[in-house]
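Remarks on the structure that follows.
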Amino acid sequence: MERAEIGTIYKQIGRDAAVDKGLKIIEPRLQQFLKSLLDLKSHQLVIYCARGGMRSASVVRLLQHHGFRAAQMQGGYKRFRQYVLQQLESPMPPFIVLHGQTGVGKTLLLNKLPDHIDLEGLAGHRSSLFGAINKTPRSQKNFEGLLVQKLRTLPEALPLFVEGESRKVGQVFLPYSLANAMKSGMLVLLSASMNTRISRIVEEYQICDEQSFRQVDSILISLRVSLGKLKVDQLRLWLKKEEIEKIVHMLLVDYYDPLYMHSMSSYQYVLELSAEDLNLAAVELIHFRDEVIKSH
C-alpha cells in the first residue's frame, strides 16, 4: 500500500512530493530506526529498495539529514541481485582446501591465514548437525551477496584458503562454480589429538544456557536411529549433568569420525599437517602457498 501510494504521488505530482510522502510514512518509526543505525554512523551506507525508487531515496535523504553518509543503490536490489548471480557464474580463483576430522580446528586455522573465505561464517552455520547452535543462519540470497562482496576483496589469481565443505552449508548451497573449484583445488589434510578436538569443540559451541541445552537435547533425540536408544539416553543423561566433554567424545567416536572416514577416504591430499599448534600450521600453510605461487 505504501509503495503504491508513493508511486501514485510520483506520477501525479512529482519526485519531491513523493519523497516528502515517504518521509512522513516512516516518521512515526524514525527514532527507533535511527537508533538502530547509530553503530554504523561512521560507515558509508548504501540504501536500496526493490528497484531503486522513491522508498530508498526517502531514506537516503533522511539519513543524510541526520549526519549519516548514505547513498542510494541505483537500480535497487533487483539490479544488485543480477550482478551477484553474474559474478557467481564467473570463473573462480584456485583454492587450497583444508580438510580434517570434526574439531581439528579448520575454521580456527582458516582465520589465521591471509586471503581466505570463511564459508561457514558467511552462512551463519558450522555445517554440522549442531551447526546452528548460538548462530543465526543466513538465507541463500544473503549468503550469495556476502560471498560476492568477500571475493571482490581478494586477489583473483592467487590461491585462496577455504575449508572443505559439502555443497550444502547449513541452510545454503554453494554456487556450482565455487563447489567445482574447491573439488579441483589443492587438498590439505589436518590432524589433531582427540583431547585437542574435544576441547576445541567445547570452546566453540559454548553450551551454557537453557536455549542451547534445549537445542542439543532435541538433536540428540533425532540421533536415535543412527546411534540407538541406549547411547542417546546416555548422551542425554550427560547433558543433564552438563558433562559436555563426554558427549563430544562419544559423538566423535560413534558418529562424526565414521561419517568422515566414509566420505573422505577417496580424496587425494597434496599436504598433511598437524593442527595441534595452529600458529605453526598457519606458517606452514603460508609457506606451502608461497611455493605453489613460485612454481607457477
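Each chain in the C-alpha cells gets a letter, A, B and so on, in the order shown; residues start at 1 in every chain, and ligands are counted from 1 in the order they appear.
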Each residue of segment 232-284 of chain A with at least one atom at most 7 Å from segment 96-114 of chain A should appear once, together with its nearest atom pair and the corresponding distance in Å (one decimal); atoms considered: only C-alpha atoms; ordering: chain, then increasing residue number; output as CSV.
residue,atom,partner,partner_atom,distance
A:Tyr256,CA,A:Thr102,CA,6.8
A:Asp257,CA,A:Gln101,CA,6.6
A:Tyr260,CA,A:Gln101,CA,6.4
A:Ala275,CA,A:Val104,CA,6.7
A:Leu278,CA,A:Leu109,CA,5.8
A:Ala282,CA,A:Leu113,CA,6.2
| task | For segment 206-220 of chain A, list every protein, DNA or RNA residue within 10 Å, evaluated using only C-alpha atoms, and leave out those in the same chain fewer than 2 positions away; present the list as a list in words. | result | Leu129, Phe130, Ala132, Ile133, Asn134, Ile201, Val202, Glu203, Glu204, Ser222, Leu223, Arg224, Leu227, Lys231, Val232, Asp233, Leu235, Arg236, Leu237, Leu239, Lys240, Glu242, Ile244, Ile247 and Leu251 of chain A
| message | When you look at His66 of chain A with a cut-off of 12 Å (counting only C-alpha atoms), what residues show up, excluding the ones that are within fewer than 2 positions of it in the same chain? I need them as a list in words. | response |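 The filter keeps Leu30, Gln31, Phe33, Leu34, Lys35, Leu37, Leu38, Lys41, Val59, Val60, Arg61, Leu62, Leu63, Gln64, Phe68, Arg69 and Ala70 of chain A.
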| task | Could you pull out the residues in segment 101-295 of chain A that DSSP calls alpha helix (DSSP H) from the backbone, as a ChimeraX atom specification? | result | /A:106-110,119-123,140-152,176-183,194-205,210-222,224-227,229-240,244-251,257-264,278-295
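In this comparison, which uses only C-alpha atoms, the residue of A:Ala179, A:Lys229, A:Val46, A:Leu88 approaching Gln74 of chain A most closely is A:Val46.
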| message | Between atom CA of Lys241 of chain A and atom CA of Arg200 of chain A, what is the distance in Å, rounded to a tenth? | response | 20.1 Å
| message | Neighbouring residues of Tyr176 of chain A were defined as those with any atom within 12 Å, considering only C-alpha atoms; residues of the same chain fewer than 6 positions away were excluded. Please report them as an NGL selection string. | response | :A and (85 or 88-92 or 144 or 166-168 or 182-183)
| Selection: 8 Å around Phe95 of chain A, only C-alpha atoms, excl. self and same-chain fewer than 2 positions, as a list in words |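 Returned residues: Pro93, Val97, Pro159, Leu160, Phe161, Val162, Ala181, Met182, Gly185 and Met186 of chain A.
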I need the residues in segment 1-180 of chain A that are strand (DSSP E or B) according to DSSP; give them as a short mmCIF file (atom, residue, chain, number, x, y, z; two decimals) with N, CA and C atoms, in the first residue's frame.
data_model
loop_
_atom_site.label_atom_id
_atom_site.label_comp_id
_atom_site.auth_asym_id
_atom_site.auth_seq_id
_atom_site.Cartn_x
_atom_site.Cartn_y
_atom_site.Cartn_z
N GLN A 44 30.04 4.17 5.40
CA GLN A 44 29.30 4.57 4.21
C GLN A 44 28.15 3.58 4.02
N LEU A 45 26.92 4.06 4.08
CA LEU A 45 25.75 3.21 3.96
C LEU A 45 25.21 3.25 2.53
N VAL A 46 24.78 2.10 2.05
CA VAL A 46 24.12 2.01 0.75
C VAL A 46 22.70 1.52 0.99
N ILE A 47 21.73 2.32 0.58
CA ILE A 47 20.32 2.02 0.83
C ILE A 47 19.66 1.57 -0.47
N ARG A 69 26.41 9.11 6.33
CA ARG A 69 26.88 9.06 4.94
C ARG A 69 26.11 7.96 4.23
N ALA A 70 25.16 8.35 3.42
CA ALA A 70 24.28 7.37 2.78
C ALA A 70 24.15 7.65 1.29
N ALA A 71 24.06 6.58 0.52
CA ALA A 71 23.87 6.68 -0.92
C ALA A 71 22.82 5.67 -1.34
N GLN A 72 22.18 5.93 -2.46
CA GLN A 72 21.14 5.04 -2.97
C GLN A 72 21.75 4.06 -3.98
N PHE A 95 42.01 -22.77 -5.29
CA PHE A 95 41.80 -22.90 -3.85
C PHE A 95 42.77 -23.90 -3.23
N ILE A 96 43.18 -23.59 -2.00
CA ILE A 96 43.82 -24.56 -1.11
C ILE A 96 42.76 -24.92 -0.08
N VAL A 97 42.35 -26.18 -0.07
CA VAL A 97 41.17 -26.60 0.68
C VAL A 97 41.58 -27.39 1.92
N LEU A 98 41.17 -26.91 3.09
CA LEU A 98 41.52 -27.55 4.35
C LEU A 98 40.50 -28.62 4.72
N HIS A 99 41.00 -29.84 4.92
CA HIS A 99 40.15 -30.95 5.35
C HIS A 99 40.65 -31.48 6.69
N GLY A 100 39.80 -32.23 7.35
CA GLY A 100 40.18 -32.83 8.63
C GLY A 100 38.94 -33.20 9.42
N HIS A 116 41.58 -15.70 2.69
CA HIS A 116 40.73 -16.86 2.94
C HIS A 116 39.26 -16.48 2.84
N ILE A 117 38.42 -17.49 2.64
CA ILE A 117 36.97 -17.32 2.66
C ILE A 117 36.41 -18.25 3.73
N LEU A 160 43.43 -19.14 -2.91
CA LEU A 160 42.74 -18.72 -1.70
C LEU A 160 42.57 -19.92 -0.78
N PHE A 161 42.59 -19.67 0.53
CA PHE A 161 42.35 -20.72 1.51
C PHE A 161 40.86 -20.83 1.80
N VAL A 162 40.37 -22.05 1.88
CA VAL A 162 38.96 -22.28 2.18
C VAL A 162 38.85 -23.61 2.91
N GLU A 163 37.80 -23.76 3.70
CA GLU A 163 37.56 -25.01 4.41
C GLU A 163 36.75 -25.95 3.53
N LYS A 168 26.20 -28.19 0.55
CA LYS A 168 25.23 -27.56 1.43
C LYS A 168 25.91 -27.19 2.75
N VAL A 169 25.84 -25.92 3.11
CA VAL A 169 26.40 -25.42 4.37
C VAL A 169 25.25 -24.86 5.18
N VAL A 172 22.20 -23.11 3.26
CA VAL A 172 22.53 -22.56 1.95
C VAL A 172 23.34 -23.55 1.13
N PHE A 173 23.30 -23.34 -0.18
CA PHE A 173 24.06 -24.16 -1.12
C PHE A 173 25.18 -23.34 -1.73
#
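Proximity to Gln171 of chain A was assessed for A:Ser226, A:Thr8, A:Gln82, A:Ser127 counting only C-alpha atoms; the smallest distance is recorded for A:Ser127.
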| field | d(atom CA of Glu272 of chain A, atom CA of Val188 of chain A) in Å | value | 5.7 Å
| field | Proximity to Gly7 of chain A - best of A:Gly145, A:Pro94, A:Gly22, A:Pro155, only C-alpha atoms | value |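 Going through A:Gly145, A:Pro94, A:Gly22, A:Pro155 one by one, the smallest distance to Gly7 of chain A is for A:Gly22.
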| field | Contact residues around Lys78 of chain A with only C-alpha atoms at 10 Å, ignoring same-chain residues under 4 positions, as a list in words | value |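 Here the qualifying residues turn out to be Tyr48, Cys49, Ala50, Arg51, Gly52, Gln74, Gln82, Tyr83 and Val84 of chain A.
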Compile the contact shell of Arg15 of chain A as a tab-separated table (two decimals) with C-alpha atoms, in the first residue's frame: residues with an atom at most 10 Å away, counting only C-alpha atoms, same-chain residues fewer than 6 positions apart removed.
chain	number	residue	atom	x	y	z
A	6	ILE	CA	4.20	6.88	-3.17
A	7	GLY	CA	4.23	5.72	-6.78
A	9	ILE	CA	2.18	10.72	-5.96
A	21	LYS	CA	5.37	11.50	1.50
A	53	GLY	CA	12.92	4.24	-6.40
A	54	MET	CA	11.31	6.67	-4.01
A	57	ALA	CA	15.54	7.82	-1.95
